[in-house]
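Inspection log for the structure reproduced underneath, given as structure tokens.
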Amino acid sequence: MKISIISFSQSGYRLSEMLYWVLKERSYEVTSYTKSKYTKKVLDESQLDEESRDFRNVKQFAKPVDESIHEWTGQRFQDSDAIVFVGACGIAVRSIAPFVKSKKMDPAVVVVDEQGRFSISLLSGHLGGANELAEEVGEIVHAQPVVTTATDLNDKFAVDIFAKKNGCYISDMVLAKEISAAVLAGKQVGFASDFPWIGELPAELKLCGEEEEEKPELGICVTSGYLEHPFVHTLYLIPRVVTTGVGCKKETPKGTVENVIRRACDELLIPSVAMEQVTSIDLKKEEQGILEYCQERNLPFITYTAEELQEVEGTYAQSDFVKETTGVDNVCERAALLGSSREGKGRLIQRKYAQDGVTVALAMKKWSVNFE
């Protein structure tokens with residue numbers, strides 16, 4: 001998590017210093033800023049209290065903010081996963097208001113008063129991680145965490161936290177809000193899954209099979225695609241479990257790679273958000289069309305040697321031309337299956353799909369829903 005901290009007074013500056021060093025020690029990427037003429041100068045060690053002296057190197061760890069707080073906040077919404085305001089809630093609210101868009105996009109925002117009494121989760125409590133960060137910041141500065149999310153206060157199942165914990169994409173945030181409202185109203189929400197699960201089903205969820213006569217109209221379906229529609233109103237949670245194996249002619253453009261992958265996925269109604277990575281043979285590690293496709297979607301591109309691919313057990317669509325060119329009889333199927341088998345044996349769900357000089361195969365890794 002990339003965290004930006006900003007303070008507005010000397011006391012806030014000292015508190016932000018403590019947060020800066022401790023969070024960095026915990027492997028966060030932290031940048032600290034100060035927006036006050038009183039904190040632009042380096043503090044002498046004699047000005048620090050005993051607790052602050054424990055943190056060496058009191059050099060200008062905080063960057064002075066010369067632009068307006070509006071401009072600063074807008075930039076942090078672009079480059080940070082979380083913002084910690086050390087100051088008044090009013091400053092934070094007015095600063096972030098013009099930039100707030102949605103739960104899926106907004107960074108976590110936490111406010112700590114400059115005396116370190118309260119650590120408040122202000123924005124993106126669940127998906128952004130503000131609730132957890134408020135707890136951690138509170139622990140660091142000995143402040144009382146303040147979390148106002150309804151499902152947390154009532155100790156109820158929260159679909160957004162569940163999705164985040166399991167690395168799932170939420171298909172419809174409006175429907176997710178309806179599910180939270182139903183849970184808070186004491187209603188059971190349907191649950192269906194194409195995957196096994198670990199732990200006990202929460203009391204707020206009702207397991208529903210295909211033959212269930214009285215299904216709730218509102219329900220959650222954990223699936224890799226949109227083939228099933230188990231409830232009248234179905235919220236799909238899509239885990240990233242699909243590996244896409246790709247082979248192509250040299251210098252195939254990104255648009256062609258993209259179109260063929262999309263068509264291969266459409267065969268099974270698999271959305272792109274289910275994709276975890278793209279794999280191929282090492283001869284393609286510099287293939288610009290594939291690299292651009294992966295970079296645009298922030299997907300890892302992993303390549304294997306011909307020897308590694310040849311060792312993958314199974315029966316595959318063979319090509320003498322591919323074997324002569326690459327040293328292995330099939331690239332896309334073998335690469336997909338090898339990539340999906342890092343955490344246990346994966347399985348092919350879409351065999352070789354060929355079009356416009358591009359071959360695509362899809363494999364799914366072994367995966368379980370976690371309720372623990």
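Chain lettering (A, B, ...) mirrors the order of the structure tokens, residue numbering begins at 1 for each chain separately, and ligand numbering begins at 1 in order of display.
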- Close residues, region 257-271 of chain A itself excluded, 12 Å, only C-alpha atoms, min 3 positions apart in chain, as a ChimeraX atom specification: /A:169-171,223-228,236-254,274-276,278,287-294,296-297,332,349-364
Neighbour list for Ala317 (chain A) as number ranges by chain, cut-off 10 Å, only C-alpha atoms, skip fewer than 2 positions in-chain: A: 315, 319, 329-334, 351-352
Set out as a Markdown table a contact list for region 140-234 of chain A and region 108-129 of chain A with a cut-off of 8 Å, giving each residue of region 140-234 of chain A that qualifies its closest atom pair and distance in Å to one decimal, counting only C-alpha atoms, ordered by chain and rising residue number.
```
| residue | atom | partner | partner_atom | distance |
| --- | --- | --- | --- | --- |
| A:Val141 | CA | A:Gly116 | CA | 6.1 |
| A:His142 | CA | A:Gly116 | CA | 7.1 |
| A:Ala143 | CA | A:Arg117 | CA | 4.5 |
| A:Gln144 | CA | A:Phe118 | CA | 4.7 |
| A:Pro145 | CA | A:Ser119 | CA | 4.6 |
| A:Val146 | CA | A:Ile120 | CA | 4.6 |
| A:Val147 | CA | A:Ser121 | CA | 5.5 |
| A:Thr148 | CA | A:Ser121 | CA | 7.6 |
| A:Thr149 | CA | A:Gly125 | CA | 7.2 |
| A:Asp160 | CA | A:Leu127 | CA | 6.2 |
| A:Ile161 | CA | A:His126 | CA | 5.5 |
| A:Lys164 | CA | A:Leu127 | CA | 6.2 |
```
One decimal, in Å: what's the spacing between CA of Val137 (chain A) and CA of Leu19 (chain A)?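 Value for the CA of Val137 (chain A)-CA of Leu19 (chain A) distance: 7.2 Å.
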task = Mind the document's chain letters and residue numbers, and return as a PyMOL selection string the residues of region 156-365 of chain A that DSSP labels strand (DSSP E).
result = chain A and resi 168-170+189-193+197-198+205-207+218-222+233-239+242-248+275-281+301-304+347-355+358-364
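Among A:Gly209, A:Ala182, A:Asp172, A:Val312, the residue with the shortest atom-to-atom distance to Thr234 (chain A), counting only C-alpha atoms, is A:Asp172.
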Atom pair CA of Leu133 (chain A) + CA of Phe61 (chain A), distance 21.1 Å
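When DSSP reads the backbone of this structure, the residues of region 297-339 of chain A it assigns to helix (DSSP H, G or I) are Arg297, Ala306, Glu307, Glu308, Leu309, Gln310, Asp320, Phe321, Val322, Lys323, Glu324, Thr325, Thr326, Cys332, Glu333, Arg334, Ala335, Ala336, Leu337, Leu338 and Gly339 of chain A.
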Please save C-alpha atoms of the selected residues as a PDB file, in the first residue's frame.
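result.pdb, written as the output of this step:
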```
ATOM      1  CA  ARG A 297      -4.488  -4.474 -18.053  1.00  0.00           C
ATOM      2  CA  ALA A 306      10.426 -25.092 -24.569  1.00  0.00           C
ATOM      3  CA  GLU A 307      11.821 -27.722 -22.192  1.00  0.00           C
ATOM      4  CA  GLU A 308       9.553 -26.551 -19.351  1.00  0.00           C
ATOM      5  CA  LEU A 309       6.503 -26.602 -21.613  1.00  0.00           C
ATOM      6  CA  GLN A 310       7.355 -30.030 -23.018  1.00  0.00           C
ATOM      7  CA  ASP A 320       4.395 -29.838 -36.528  1.00  0.00           C
ATOM      8  CA  PHE A 321       4.997 -26.235 -37.631  1.00  0.00           C
ATOM      9  CA  VAL A 322       4.930 -24.957 -34.034  1.00  0.00           C
ATOM     10  CA  LYS A 323       7.271 -27.748 -32.937  1.00  0.00           C
ATOM     11  CA  GLU A 324       9.715 -26.966 -35.721  1.00  0.00           C
ATOM     12  CA  THR A 325       9.605 -23.252 -34.900  1.00  0.00           C
ATOM     13  CA  THR A 326       9.605 -23.354 -31.093  1.00  0.00           C
ATOM     14  CA  CYS A 332      -0.833 -21.911 -25.658  1.00  0.00           C
ATOM     15  CA  GLU A 333      -2.362 -24.965 -23.933  1.00  0.00           C
ATOM     16  CA  ARG A 334       0.847 -26.032 -22.230  1.00  0.00           C
ATOM     17  CA  ALA A 335       1.674 -22.474 -21.114  1.00  0.00           C
ATOM     18  CA  ALA A 336      -1.840 -21.913 -19.736  1.00  0.00           C
ATOM     19  CA  LEU A 337      -1.816 -25.162 -17.780  1.00  0.00           C
ATOM     20  CA  LEU A 338       1.710 -24.646 -16.441  1.00  0.00           C
ATOM     21  CA  GLY A 339       0.875 -21.130 -15.270  1.00  0.00           C
TER      22      GLY A 339
END
```
Which is closest to Ser9 (chain A) among A:Val86, A:Phe77, A:Val30, A:Phe371, if we use only C-alpha atoms?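 With only C-alpha atoms as the atom set, the closest residue is A:Val86.
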Excluding same-chain residues fewer than 6 positions from Glu217 (chain A), what lies within 7 Å of it counting only C-alpha atoms, as a PyMOL selection string? chain A and resi 231-233
The distance between CA of Leu201 (chain A) and CA of Val159 (chain A) is 12.7 Å
